[in-house]
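Enquirer: Got work_2.cif for you, mmCIF, C-alpha atoms:
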data_my_file
#
loop_
_atom_site.label_atom_id
_atom_site.label_comp_id
_atom_site.auth_asym_id
_atom_site.auth_seq_id
_atom_site.Cartn_x
_atom_site.Cartn_y
_atom_site.Cartn_z
CA MET A 1 -44.95 -33.20 80.89
CA LYS A 2 -45.65 -34.33 77.32
CA LYS A 3 -47.33 -30.97 76.66
CA SER A 4 -44.31 -29.02 77.97
CA ILE A 5 -41.93 -30.97 75.76
CA LEU A 6 -44.15 -30.38 72.74
CA SER A 7 -44.41 -26.65 73.35
CA LEU A 8 -40.64 -26.47 73.93
CA LEU A 9 -40.04 -28.23 70.61
CA LEU A 10 -42.51 -25.91 68.89
CA THR A 11 -40.82 -22.81 70.30
CA PHE A 12 -37.42 -24.17 69.31
CA SER A 13 -38.54 -24.85 65.74
CA ILE A 14 -40.02 -21.35 65.46
CA ILE A 15 -36.73 -19.83 66.62
CA ILE A 16 -34.74 -21.95 64.15
CA GLY A 17 -37.18 -21.07 61.36
CA SER A 18 -36.92 -17.35 62.09
CA ALA A 19 -33.14 -17.51 62.17
CA GLU A 20 -33.09 -19.21 58.76
CA GLU A 21 -35.50 -16.61 57.44
CA LEU A 22 -33.21 -13.84 58.67
CA GLN A 23 -30.17 -15.49 57.12
CA THR A 24 -31.79 -15.71 53.72
CA ALA A 25 -33.54 -12.30 53.74
CA PHE A 26 -32.18 -10.20 50.91
CA VAL A 27 -31.90 -6.47 51.28
CA CYS A 28 -31.11 -4.46 48.18
CA PRO A 29 -28.52 -1.74 48.97
CA SER A 30 -30.29 0.58 46.55
CA THR A 31 -28.82 3.87 47.79
CA GLU A 32 -25.26 2.56 47.48
CA LEU A 33 -25.97 1.09 44.05
CA LYS A 34 -27.47 4.37 42.84
CA ASN A 35 -24.63 6.43 44.25
CA GLU A 36 -22.09 4.20 42.48
CA ILE A 37 -23.54 4.92 39.05
CA LYS A 38 -24.64 8.53 39.55
CA PRO A 39 -21.20 9.92 38.48
CA LEU A 40 -21.70 8.25 35.09
CA LEU A 41 -24.30 10.92 34.31
CA LYS A 42 -21.73 13.68 34.29
CA PRO A 43 -20.92 15.88 32.52
CA GLU A 44 -23.59 15.74 29.84
CA TYR A 45 -26.62 14.28 31.58
CA LYS A 46 -28.88 15.20 34.45
CA TYR A 47 -30.72 12.70 36.65
CA ASP A 48 -34.27 12.11 35.47
CA SER A 49 -35.57 9.03 37.20
CA SER A 50 -34.62 5.59 38.46
CA LYS A 51 -36.08 2.20 39.12
CA ILE A 52 -34.99 -0.40 41.64
CA THR A 53 -36.17 -3.82 40.55
CA ARG A 54 -35.80 -6.79 42.85
CA ILE A 55 -35.79 -10.13 41.12
CA LYS A 56 -36.61 -13.25 43.05
CA ILE A 57 -36.31 -16.38 40.99
CA LYS A 58 -38.40 -19.17 42.41
CA GLY A 59 -38.32 -21.81 39.73
CA GLN A 60 -36.61 -23.26 36.71
CA GLU A 61 -38.44 -21.61 33.84
CA GLY A 62 -36.86 -18.81 31.83
CA LYS A 63 -38.82 -15.61 32.50
CA VAL A 64 -38.77 -11.92 31.70
CA THR A 65 -39.49 -8.83 33.75
CA GLU A 66 -40.34 -5.72 31.78
CA VAL A 67 -40.01 -2.04 32.72
CA GLU A 68 -41.60 0.61 30.51
CA VAL A 69 -39.57 3.78 30.06
CA PRO A 70 -41.39 6.64 28.33
CA LEU A 71 -38.97 8.97 26.55
CA PHE A 72 -39.79 12.31 24.97
CA ILE A 73 -39.29 12.74 21.23
CA GLY A 74 -36.02 14.40 20.23
CA GLU A 75 -34.48 14.29 23.72
CA LYS A 76 -31.15 12.60 24.39
CA TYR A 77 -30.99 9.99 27.13
CA LYS A 78 -28.51 7.74 28.87
CA PHE A 79 -29.50 4.40 30.39
CA ILE A 80 -27.28 3.29 33.27
CA PHE A 81 -27.57 -0.06 35.05
CA ASN A 82 -25.89 -1.29 38.21
CA THR A 83 -25.96 -5.07 38.28
CA ALA A 84 -23.65 -5.61 41.26
CA GLU A 85 -26.49 -7.26 43.19
CA LEU A 86 -28.20 -8.90 40.22
CA GLN A 87 -28.00 -12.61 39.53
CA GLU A 88 -25.14 -13.20 37.08
CA ASP A 89 -27.11 -14.94 34.40
CA VAL A 90 -29.82 -12.26 34.11
CA VAL A 91 -29.50 -10.47 30.77
CA ILE A 92 -30.57 -6.85 30.27
CA SER A 93 -32.21 -6.07 26.95
CA VAL A 94 -34.01 -2.99 25.69
CA TYR A 95 -36.72 -3.20 23.05
CA ASN A 96 -38.81 -0.72 21.09
CA LYS A 97 -42.07 -2.49 21.88
CA LYS A 98 -43.53 -4.38 24.78
CA GLN A 99 -43.51 -8.16 25.07
CA GLY A 100 -45.80 -9.95 22.66
CA LYS A 101 -46.04 -7.09 20.14
CA SER A 102 -45.23 -7.75 16.50
CA ASN A 103 -42.15 -6.20 14.85
CA ARG A 104 -40.43 -5.90 18.17
CA GLU A 105 -36.79 -4.87 17.76
CA LEU A 106 -33.90 -5.42 20.12
CA LEU A 107 -32.18 -2.06 20.61
CA TYR A 108 -29.62 -2.94 23.26
CA SER A 109 -28.38 -5.98 25.14
CA ASN A 110 -25.61 -6.38 27.68
CA GLN A 111 -25.23 -10.05 26.70
CA ASN A 112 -21.96 -9.59 24.83
CA ASP A 113 -20.69 -6.93 27.16
CA LYS A 114 -20.71 -9.15 30.25
CA ASP A 115 -17.31 -10.35 31.32
CA GLY A 116 -18.15 -11.67 34.75
CA LYS A 117 -16.75 -8.71 36.64
CA LYS A 118 -18.47 -5.80 34.97
CA THR A 119 -21.37 -4.46 37.02
CA THR A 120 -22.20 -1.19 35.31
CA PHE A 121 -23.65 -0.93 31.84
CA THR A 122 -24.52 2.22 29.93
CA TRP A 123 -26.37 2.88 26.70
CA GLU A 124 -27.28 6.05 24.86
CA PRO A 125 -30.17 5.43 22.43
CA GLU A 126 -30.00 7.18 19.08
CA LYS A 127 -33.74 7.79 18.94
CA SER A 128 -36.02 8.58 21.82
CA ARG A 129 -39.42 7.05 22.19
CA THR A 130 -41.02 4.72 24.71
CA MET A 131 -38.71 1.77 25.38
CA TYR A 132 -39.00 -1.47 27.30
CA ILE A 133 -36.24 -2.81 29.51
CA ASN A 134 -36.33 -6.57 29.90
CA TYR A 135 -34.54 -8.42 32.66
CA GLU A 136 -34.30 -11.88 31.13
CA VAL A 137 -33.78 -14.88 33.37
CA PRO A 138 -32.57 -17.97 31.49
CA LYS A 139 -33.92 -21.45 32.10
CA ASP A 140 -32.50 -23.39 35.04
CA ALA A 141 -31.37 -20.22 36.79
CA GLY A 142 -32.11 -21.87 40.12
CA ILE A 143 -33.49 -20.16 43.19
CA SER A 144 -32.04 -16.79 44.04
CA GLU A 145 -32.77 -13.21 44.90
CA GLY A 146 -31.13 -10.06 43.60
CA CYS A 147 -31.78 -6.52 42.45
CA VAL A 148 -30.82 -4.16 39.70
CA VAL A 149 -30.77 -0.38 39.70
CA PHE A 150 -31.64 1.50 36.55
CA LEU A 151 -30.91 5.18 36.31
CA LEU A 152 -32.08 7.41 33.48
CA GLY A 153 -30.31 10.62 32.57
CA TYR A 154 -31.36 13.26 30.05
CA ARG A 155 -29.01 15.55 28.18
CA ILE A 156 -28.98 19.11 29.41
CA MET B 1 -53.61 4.97 51.52
CA LEU B 2 -49.92 5.16 52.42
CA VAL B 3 -49.11 1.61 51.62
CA MET B 4 -51.02 -0.53 49.21
CA VAL B 5 -50.55 -4.10 50.34
CA LEU B 6 -50.71 -7.08 48.05
CA GLY B 7 -49.40 -9.64 50.47
CA THR B 8 -46.54 -11.45 48.78
CA GLY B 9 -48.45 -11.21 45.54
CA ILE B 10 -46.81 -11.75 42.24
CA ILE B 11 -46.33 -8.48 40.45
CA ALA B 12 -47.39 -7.95 36.88
CA CYS B 13 -44.75 -7.23 34.31
CA GLY B 14 -45.09 -4.44 31.78
CA SER B 15 -48.01 -2.17 31.33
CA PRO B 16 -50.96 -2.00 33.69
CA GLN B 17 -53.12 -1.72 30.63
CA ASN B 18 -54.25 -5.16 29.62
CA SER B 19 -53.06 -6.34 26.28
CA ASP B 20 -54.23 -9.51 24.61
CA GLU B 21 -50.82 -9.87 23.12
CA GLU B 22 -49.02 -9.92 26.43
CA ASP B 23 -47.89 -13.19 27.88
CA ASP B 24 -49.24 -13.40 31.40
CA SER B 25 -47.69 -16.80 32.04
CA ASN B 26 -44.58 -15.08 33.34
CA LEU B 27 -46.47 -14.10 36.48
CA THR B 28 -46.13 -17.53 37.95
CA GLU B 29 -42.53 -17.92 38.93
CA ILE B 30 -40.73 -14.64 39.19
CA GLU B 31 -41.59 -12.37 42.01
CA VAL B 32 -40.62 -8.82 41.23
CA THR B 33 -40.87 -5.84 43.48
CA GLU B 34 -39.42 -2.38 43.18
CA MET B 35 -38.76 -2.01 46.84
CA ASP B 36 -37.15 -3.95 49.61
CA ASN B 37 -40.53 -4.45 51.16
CA PRO B 38 -42.02 -7.51 49.49
CA GLU B 39 -45.43 -6.57 50.88
CA GLU B 40 -45.50 -3.44 48.77
CA ASN B 41 -47.44 -3.27 45.58
CA SER B 42 -45.27 -2.20 42.68
CA PHE B 43 -45.48 -1.24 39.06
CA LEU B 44 -42.73 -1.48 36.60
CA TYR B 45 -42.90 1.98 35.18
CA ASN B 46 -40.44 4.78 35.08
CA LEU B 47 -42.12 8.19 35.13
CA PRO B 48 -40.14 11.32 34.17
CA SER B 49 -39.11 14.05 36.59
CA PRO B 50 -41.02 17.36 36.82
CA LEU B 51 -37.74 19.12 36.03
CA GLN B 52 -37.40 17.33 32.72
CA ILE B 53 -41.00 18.14 31.76
CA ALA B 54 -40.40 21.80 32.71
CA SER B 55 -37.15 21.82 30.68
CA ILE B 56 -38.90 20.49 27.59
CA PHE B 57 -41.75 22.99 27.94
CA ARG B 58 -39.29 25.82 28.43
CA ARG B 59 -37.31 24.93 25.32
CA ALA B 60 -40.63 24.87 23.50
CA GLY B 61 -41.17 28.49 24.49
CA LEU B 62 -42.84 28.36 27.90
CA THR B 63 -42.58 31.88 29.26
CA TYR B 64 -42.31 32.85 32.92
CA VAL B 65 -45.47 34.34 34.39
CA PRO B 66 -45.03 34.67 38.16
CA GLU B 67 -48.70 34.73 39.12
CA LEU B 68 -49.35 31.34 37.52
CA THR B 69 -47.66 29.32 40.22
CA ASN B 70 -49.23 28.19 43.48
CA LYS B 71 -48.56 30.68 46.26
CA PRO B 72 -45.95 29.35 48.72
CA SER B 73 -48.06 30.76 51.58
CA ASN B 74 -50.90 28.36 50.65
CA VAL B 75 -48.89 25.59 52.26
CA SER B 76 -50.63 26.20 55.58
CA ASN B 77 -54.02 25.38 53.97
CA TYR B 78 -53.15 21.78 53.22
CA ASN B 79 -54.27 19.56 56.03
CA THR B 80 -54.82 16.06 54.70
CA LYS B 81 -51.95 13.79 53.69
CA PHE B 82 -53.45 13.28 50.24
CA ILE B 83 -53.68 17.01 49.51
CA GLN B 84 -50.23 17.56 51.02
CA LYS B 85 -48.73 14.98 48.67
CA LEU B 86 -50.44 16.49 45.64
CA ASN B 87 -49.22 19.95 46.58
CA PHE B 88 -45.75 18.62 47.26
CA GLY B 89 -45.76 17.67 43.58
CA ALA B 90 -47.29 20.99 42.51
CA TYR B 91 -44.65 22.95 44.45
CA ALA B 92 -41.90 20.73 42.97
CA ALA B 93 -43.15 21.70 39.49
CA ASP B 94 -43.28 25.38 40.51
CA LEU B 95 -39.74 25.10 41.87
CA ALA B 96 -38.52 23.62 38.58
CA TYR B 97 -40.34 26.38 36.64
CA SER B 98 -38.82 29.08 38.84
CA ALA B 99 -35.31 27.58 38.76
CA LEU B 100 -35.28 27.29 34.98
CA ASN B 101 -36.28 30.94 34.82
CA GLU B 102 -33.69 31.91 37.46
CA GLN B 103 -36.27 33.33 39.84
CA ASN B 104 -34.11 33.08 42.92
CA GLN B 105 -36.45 34.31 45.62
CA SER B 106 -39.29 32.18 44.29
CA CYS B 107 -36.99 29.16 44.42
CA ILE B 108 -36.20 29.81 48.07
CA ASN B 109 -39.90 30.26 48.85
CA TYR B 110 -40.83 27.00 47.14
CA VAL B 111 -38.03 25.10 48.83
CA GLN B 112 -39.40 26.36 52.16
CA SER B 113 -42.93 25.26 51.26
CA LEU B 114 -41.61 21.86 50.22
CA SER B 115 -39.69 21.65 53.47
CA THR B 116 -42.88 22.39 55.44
CA LEU B 117 -44.79 19.70 53.56
CA SER B 118 -41.93 17.23 53.94
CA GLU B 119 -42.28 17.59 57.71
CA SER B 120 -45.99 16.81 57.51
CA LEU B 121 -45.24 13.85 55.26
CA TRP B 122 -42.33 12.58 57.41
CA MET B 123 -39.81 13.16 54.66
CA THR B 124 -37.47 15.61 56.40
CA ASN B 125 -34.52 13.27 55.85
CA VAL B 126 -34.82 13.80 52.12
CA PHE B 127 -34.28 17.53 52.59
CA ASN B 128 -31.50 17.12 55.08
CA SER B 129 -29.58 14.64 52.95
CA VAL B 130 -29.11 17.06 50.05
CA SER B 131 -28.96 20.28 52.13
CA ILE B 132 -31.21 21.76 49.47
CA LEU B 133 -31.87 25.14 51.10
CA ASP B 134 -28.19 25.82 51.83
CA ARG B 135 -27.19 24.82 48.33
CA PHE B 136 -29.88 27.00 46.78
CA GLU B 137 -28.74 30.01 48.78
CA LYS B 138 -25.11 29.43 47.76
CA ASN B 139 -25.93 29.04 44.08
CA MET B 140 -28.33 31.91 43.60
CA GLY B 141 -28.40 33.19 40.04
CA ASN B 142 -26.80 30.08 38.60
CA GLY B 143 -29.64 28.35 36.76
CA ASP B 144 -27.51 25.32 35.84
CA SER B 145 -26.52 24.69 39.43
CA LEU B 146 -30.10 25.06 40.62
CA GLY B 147 -31.09 22.42 38.08
CA TYR B 148 -28.47 20.03 39.44
CA ILE B 149 -29.62 20.65 43.00
CA ILE B 150 -33.22 19.85 42.02
CA SER B 151 -32.01 16.70 40.24
CA ASP B 152 -30.14 15.60 43.36
CA PHE B 153 -33.24 16.27 45.42
CA GLN B 154 -35.37 14.27 42.98
CA MET B 155 -33.00 11.32 43.21
CA GLU B 156 -33.04 11.39 47.00
CA LEU B 157 -36.83 11.62 46.99
CA ASP B 158 -37.18 8.72 44.55
CA THR B 159 -34.80 6.59 46.59
CA TYR B 160 -36.53 7.44 49.86
CA LEU B 161 -39.98 6.60 48.51
CA GLU B 162 -38.79 3.36 46.90
CA GLU B 163 -36.81 2.19 49.91
CA ASN B 164 -39.71 2.87 52.22
CA GLY B 165 -42.26 1.14 50.05
CA LEU B 166 -44.16 4.35 49.32
CA SER B 167 -44.77 3.93 45.60
CA MET B 168 -48.32 5.28 45.89
CA ASN B 169 -46.95 8.47 47.49
CA SER B 170 -44.62 8.77 44.57
CA LEU B 171 -47.51 8.49 42.11
CA VAL B 172 -49.65 11.06 43.90
CA ILE B 173 -46.72 13.49 44.13
CA PHE B 174 -46.00 12.99 40.44
CA THR B 175 -49.67 13.59 39.58
CA GLY B 176 -49.62 16.92 41.45
CA ALA B 177 -46.47 17.93 39.57
CA TRP B 178 -47.88 16.82 36.22
CA ILE B 179 -51.14 18.76 36.60
CA GLU B 180 -49.24 21.88 37.70
CA SER B 181 -46.91 21.57 34.69
CA MET B 182 -49.87 21.29 32.32
CA HIS B 183 -51.47 24.29 34.01
CA LEU B 184 -48.29 26.37 33.55
CA GLY B 185 -47.99 25.33 29.91
CA LEU B 186 -51.58 26.07 28.99
CA GLN B 187 -51.93 29.29 30.97
CA SER B 188 -48.69 30.71 29.57
CA MET B 189 -50.21 30.41 26.09
CA LYS B 190 -53.25 32.49 26.93
CA GLY B 191 -53.53 35.23 24.37
CA GLU B 192 -50.69 34.00 22.19
CA SER B 193 -50.51 30.70 20.38
CA ASN B 194 -47.39 28.57 20.57
CA PRO B 195 -47.70 25.54 18.27
CA VAL B 196 -44.39 24.02 19.43
CA LEU B 197 -45.36 24.14 23.09
CA MET B 198 -48.83 22.86 22.22
CA SER B 199 -47.35 19.81 20.48
CA ARG B 200 -45.24 19.14 23.59
CA LEU B 201 -48.37 19.36 25.73
CA ILE B 202 -50.10 16.85 23.44
CA GLU B 203 -47.05 14.58 23.75
CA GLN B 204 -47.85 14.33 27.46
CA LYS B 205 -50.73 12.06 26.47
CA LYS B 206 -48.49 9.00 26.83
CA ILE B 207 -47.43 9.96 30.35
CA LEU B 208 -51.06 10.62 31.28
CA LYS B 209 -52.16 7.26 29.89
CA ASP B 210 -49.51 5.45 31.93
CA LEU B 211 -50.33 7.47 35.03
CA ILE B 212 -54.05 6.68 34.88
CA GLY B 213 -53.26 3.01 34.27
CA ILE B 214 -50.98 2.79 37.28
CA LEU B 215 -53.33 4.72 39.58
CA GLU B 216 -56.35 2.68 38.51
CA SER B 217 -54.60 -0.60 39.14
CA GLN B 218 -54.47 0.27 42.84
CA ASP B 219 -57.27 -0.24 45.31
CA ASN B 220 -58.37 3.40 45.16
CA ASP B 221 -60.02 5.36 47.96
CA ALA B 222 -62.57 8.15 47.38
CA GLU B 223 -59.98 10.94 47.02
CA GLU B 224 -57.94 8.95 44.53
CA LYS B 225 -61.07 8.21 42.53
CA ILE B 226 -61.81 11.94 42.27
CA LEU B 227 -58.25 12.57 41.13
CA ILE B 228 -58.45 9.80 38.53
CA GLY B 229 -61.76 11.28 37.34
CA HIS B 230 -60.01 14.60 36.69
CA LEU B 231 -57.18 12.89 34.84
CA LYS B 232 -59.61 10.96 32.66
CA LYS B 233 -61.42 14.14 31.69
CA ILE B 234 -58.09 15.61 30.60
CA GLU B 235 -57.21 12.41 28.75
CA GLY B 236 -60.43 12.69 26.74
CA HIS B 237 -59.06 15.79 25.00
CA PHE B 238 -56.11 13.79 23.63
CA ALA B 239 -58.16 10.87 22.32
CA LYS B 240 -57.70 11.70 18.66
CA TYR B 241 -53.89 11.89 18.81
CA ASN B 242 -51.86 8.77 18.05
CA ILE B 243 -48.71 9.57 19.99
CA ASP B 244 -47.32 6.07 19.53
CA ALA B 245 -47.03 6.72 15.81
CA VAL B 246 -44.91 9.84 16.31
CA GLU B 247 -41.28 9.05 15.43
CA SER B 248 -39.59 12.41 15.08
CA GLU B 249 -39.71 16.04 16.16
CA GLU B 250 -41.04 16.86 12.69
CA ASP B 251 -43.97 14.49 13.22
CA LEU B 252 -44.50 15.88 16.70
CA ALA B 253 -44.60 19.45 15.41
CA LYS B 254 -47.54 18.49 13.20
CA LEU B 255 -49.73 17.78 16.22
CA ALA B 256 -52.05 20.71 16.64
CA MET B 257 -55.15 21.63 18.61
CA SER B 258 -57.80 24.15 17.69
CA ALA B 259 -58.29 27.24 19.85
CA GLU B 260 -61.66 25.88 20.93
CA ASP B 261 -60.20 22.51 21.94
CA ILE B 262 -57.38 24.22 23.83
CA GLU B 263 -60.00 26.18 25.76
CA LEU B 264 -61.86 22.98 26.69
CA LEU B 265 -58.62 21.23 27.70
CA THR B 266 -57.61 24.25 29.77
CA THR B 267 -60.95 24.21 31.61
CA ASP B 268 -60.47 20.60 32.68
CA VAL B 269 -56.84 21.11 33.67
CA GLU B 270 -57.88 24.11 35.78
CA GLU B 271 -60.62 22.04 37.46
CA ALA B 272 -58.05 19.39 38.35
CA ARG B 273 -55.64 22.03 39.64
CA LYS B 274 -58.31 23.64 41.78
CA PHE B 275 -58.91 20.27 43.42
CA ILE B 276 -55.22 20.32 44.39
CA VAL B 277 -54.31 23.90 45.25
CA ASN B 278 -57.57 24.87 46.91
CA GLY B 279 -56.98 22.08 49.39
#
For the file at hand, write its structure as structure tokens.
Expert:
Amino acid sequence: MKKSILSLLLTFSIIIGSAEELQTAFVCPSTELKNEIKPLLKPEYKYDSSKITRIKIKGQEGKVTEVEVPLFIGEKYKFIFNTAELQEDVVISVYNKKQGKSNRELLYSNQNDKDGKKTTFTWEPEKSRTMYINYEVPKDAGISEGCVVFLLGYRI
Amino acid sequence: MLVMVLGTGIIACGSPQNSDEEDDSNLTEIEVTEMDNPEENSFLYNLPSPLQIASIFRRAGLTYVPELTNKPSNVSNYNTKFIQKLNFGAYAADLAYSALNEQNQSCINYVQSLSTLSESLWMTNVFNSVSILDRFEKNMGNGDSLGYIISDFQMELDTYLEENGLSMNSLVIFTGAWIESMHLGLQSMKGESNPVLMSRLIEQKKILKDLIGILESQDNDAEEKILIGHLKKIEGHFAKYNIDAVESEEDLAKLAMSAEDIELLTTDVEEARKFIVNG
């Protein structure tokens, strides 16, 4: 009898656990996010590549996720971000060098462009060479999960 | 091979190449994946499309030589998934080359070969979603439109591979396209030098370096190791060029390679291509 109650409790807790897991599972609607920003390429740019980055913040420390974007010399590019599913306090920055390198310059940031509602950000770099997108999570950002879609266009 | 699993491993930020200057402490609390599948290994790199590489080569003077591309009929020779993926990339590069040169029938043939391979690789949805064959037939002779159709197809392909956690497929396909593009560039220069195109081929060093880094950071099987071996041999020819120091098109134009070195580079690119197209 004791055994049956125990196994019943165990089964019940597994079901509850799975339900909670399902409730909290985050699915990035990447196709929708890409399709939303694709029109921003036109008329001057053609799709080159894209990157879906899912950011799961598990702690309190401020951290950075870096994406390397190689660009060909002399070509014209457009960076497009869809942050509709990204945690609000994550800042997008683009640098000329990777993290930890000396003489690293900030080329673009959406910090001052964020107004709480805006979810698409675009930037057309003046020079083209390898660049590094940083998704910067501030301290005390809490526990959350989100994603950002980056789309790169090149001028035809 | 299809899916490289890292459990719920924390994913490295930045370059796969180790750098003493990089701060690895950020690997402890942020879990980052490219795909919805948290089991999938991922790399935070953004590789260019074959169409863009073909466009740059073409503007640098890449001429159209029909016999240089992989024959569409070879598609029936490709039996393993690995070789199919590589040739999917090679045909994508041939399609871009043909479209930019407004070779309508070739485009149709390559789309059909890609369609055949997509069935073998369970990617038919990618083709159906952009109706690529119909759109090609309706836009024959309009090079600009063909370019947009290929771009749409590329976006659908990228999305499909990312959403299904197939980043390794994406890398192998890209490698096939990259080797085919290098083959087209080098072979088109046979008999006539083109310094501008040559400098653009040397510029590919940075893409190759990234590609090798990403591929090597996976748990490679025997076929992948052979492929990486080919790429490393090609990379050796670019060792003396400091691409990171190139800031402008003027600087880029100064990059040159001797006829003898071009010959050696061509030999290794052709070896790599044989590994792909001979199946």
Enquirer: A:Asp115, A:Glu68, A:Glu44, A:Glu32: which is nearest chain B, counting all atoms listed in the file?
Expert: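 Answer, going by the shortest atom-to-atom distance: A:Glu68.
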Enquirer: Write out as a ChimeraX atom specification which residues come within 6 Å of Ala90 in chain B when counting only C-alpha atoms, dropping same-chain ones fewer than 5 positions away.
Expert: /B:176-177,180
Enquirer: Store the residues picked out above, limited to C-alpha atoms, as a JSON list (two decimals), in the frame of the given file.
Expert:
[["chain", "number", "residue", "atom", "x", "y", "z"],
["B", 176, "GLY", "CA", -49.62, 16.92, 41.45],
["B", 177, "ALA", "CA", -46.47, 17.93, 39.57],
["B", 180, "GLU", "CA", -49.24, 21.88, 37.70]]
Enquirer: Which value, in Å to one decimal, gives the distance between CA of Ala93 in chain B and CA of Pro50 in chain B?
Expert: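 That distance, rounded to one decimal, is 5.5 Å.
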Enquirer: Within 12 Å of Lys240 in chain B, counting only C-alpha atoms, which residues show up once you throw out same-chain ones fewer than 6 positions away? Write them as a PyMOL selection string, please.
Expert: chain B and resi 202+205+255-257+261
Enquirer: Around (-44.1, 29.1, 17.5) in the file's own coordinates, what residues are found within 12 Å if you use all atoms listed in the file, given back as a PDB file with C-alpha atoms, keeping the file's coordinate frame?
Expert:
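Once everything was written out, this is result.pdb:
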ATOM      1  CA  ARG B  59     -37.310  24.930  25.320  1.00  0.00           C
ATOM      2  CA  ALA B  60     -40.630  24.870  23.500  1.00  0.00           C
ATOM      3  CA  GLY B  61     -41.170  28.490  24.490  1.00  0.00           C
ATOM      4  CA  LEU B  62     -42.840  28.360  27.900  1.00  0.00           C
ATOM      5  CA  MET B 189     -50.210  30.410  26.090  1.00  0.00           C
ATOM      6  CA  GLU B 192     -50.690  34.000  22.190  1.00  0.00           C
ATOM      7  CA  SER B 193     -50.510  30.700  20.380  1.00  0.00           C
ATOM      8  CA  ASN B 194     -47.390  28.570  20.570  1.00  0.00           C
ATOM      9  CA  PRO B 195     -47.700  25.540  18.270  1.00  0.00           C
ATOM     10  CA  VAL B 196     -44.390  24.020  19.430  1.00  0.00           C
ATOM     11  CA  LEU B 197     -45.360  24.140  23.090  1.00  0.00           C
ATOM     12  CA  MET B 198     -48.830  22.860  22.220  1.00  0.00           C
ATOM     13  CA  SER B 199     -47.350  19.810  20.480  1.00  0.00           C
ATOM     14  CA  ARG B 200     -45.240  19.140  23.590  1.00  0.00           C
ATOM     15  CA  ALA B 253     -44.600  19.450  15.410  1.00  0.00           C
ATOM     16  CA  LYS B 254     -47.540  18.490  13.200  1.00  0.00           C
ATOM     17  CA  ALA B 256     -52.050  20.710  16.640  1.00  0.00           C
TER      18      ALA B 256
END
Enquirer: Please determine the contact residues of chain A with respect to chain B at a cut-off of 8 Å, counting all atoms listed in the file, and supply them as a VMD selection string.
Expert: chain A and resid 27 to 28 30 to 31 46 to 59 61 63 to 70 72 to 74 98 to 101 129 154
Enquirer: Could you tell me which residues the PyMOL selection byres ((chain A and resi 126) around 10) grabs in this file, written as an MDAnalysis selection string?
Expert: chainID A and resid 74:78 107 123:125 127:129
Enquirer: To verify the selection step, state as a list in words which residues the PyMOL selection byres ((chain B and resi 105) around 12) yields on this input.
Expert: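 With the PyMOL selection byres ((chain B and resi 105) around 12) on this model, the match is Pro66, Pro72, Leu95, Ser98, Ala99, Asn101, Glu102, Gln103, Asn104, Ser106, Cys107, Ile108, Asn109, Tyr110, Val111, Gln112, Leu133, Phe136, Glu137, Asn139, Met140 and Gly141 of chain B.
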Enquirer: In Å, how far is it from CA of Gly229 in chain B to CA of Glu216 in chain B?
Expert: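 Separation between CA of Gly229 in chain B and CA of Glu216 in chain B: 10.2 Å.
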Enquirer: Could you tell me, as a short mmCIF file (atom, residue, chain, number, x, y, z; two decimals) with C-alpha atoms, in the coordinates of the input, exactly which residues end up selected when the PyMOL selection byres ((chain B and resi 85) around 10) is applied to this structure?
Expert:
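So part.cif came out as:
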data_model
loop_
_atom_site.label_atom_id
_atom_site.label_comp_id
_atom_site.auth_asym_id
_atom_site.auth_seq_id
_atom_site.Cartn_x
_atom_site.Cartn_y
_atom_site.Cartn_z
CA TYR B 78 -53.15 21.78 53.22
CA THR B 80 -54.82 16.06 54.70
CA LYS B 81 -51.95 13.79 53.69
CA PHE B 82 -53.45 13.28 50.24
CA ILE B 83 -53.68 17.01 49.51
CA GLN B 84 -50.23 17.56 51.02
CA LEU B 86 -50.44 16.49 45.64
CA ASN B 87 -49.22 19.95 46.58
CA PHE B 88 -45.75 18.62 47.26
CA GLY B 89 -45.76 17.67 43.58
CA ALA B 90 -47.29 20.99 42.51
CA TYR B 91 -44.65 22.95 44.45
CA LEU B 117 -44.79 19.70 53.56
CA SER B 118 -41.93 17.23 53.94
CA SER B 120 -45.99 16.81 57.51
CA LEU B 121 -45.24 13.85 55.26
CA ASN B 169 -46.95 8.47 47.49
CA SER B 170 -44.62 8.77 44.57
CA LEU B 171 -47.51 8.49 42.11
CA VAL B 172 -49.65 11.06 43.90
CA ILE B 173 -46.72 13.49 44.13
CA PHE B 174 -46.00 12.99 40.44
CA THR B 175 -49.67 13.59 39.58
CA GLY B 176 -49.62 16.92 41.45
CA ALA B 177 -46.47 17.93 39.57
CA ILE B 276 -55.22 20.32 44.39
#
Enquirer: May I ask which of the residues A:Glu105, A:Glu136, A:Glu145, A:Glu36 is the closest one to Phe81 in chain A, counting all atoms listed in the file?
Expert: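 The answer is A:Glu36, which sits nearest to Phe81 in chain A.
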Enquirer: How many Å separate CA of Tyr132 in chain A from CA of Phe79 in chain A?
Expert: 11.6 Å
Enquirer: Using only C-alpha atoms, list the residues that have an atom at most 7 Å from (-37.5, -3.3, 25.4), coordinates as in the file, as a PyMOL selection string.
Expert: chain A and resi 93-98+106+131-134
Enquirer: Quick one: residues within 8 Å of Met182 in chain B, all atoms listed in the file, excluding same-chain residues fewer than 3 positions away - as a PDB file with C-alpha atoms, in the coordinates of the input?
Expert:
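Result file follows (around_21.pdb):
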ATOM      1  CA  TRP B 178     -47.880  16.820  36.220  1.00  0.00           C
ATOM      2  CA  ILE B 179     -51.140  18.760  36.600  1.00  0.00           C
ATOM      3  CA  GLY B 185     -47.990  25.330  29.910  1.00  0.00           C
ATOM      4  CA  LEU B 186     -51.580  26.070  28.990  1.00  0.00           C
ATOM      5  CA  LEU B 201     -48.370  19.360  25.730  1.00  0.00           C
ATOM      6  CA  VAL B 269     -56.840  21.110  33.670  1.00  0.00           C
TER       7      VAL B 269
END
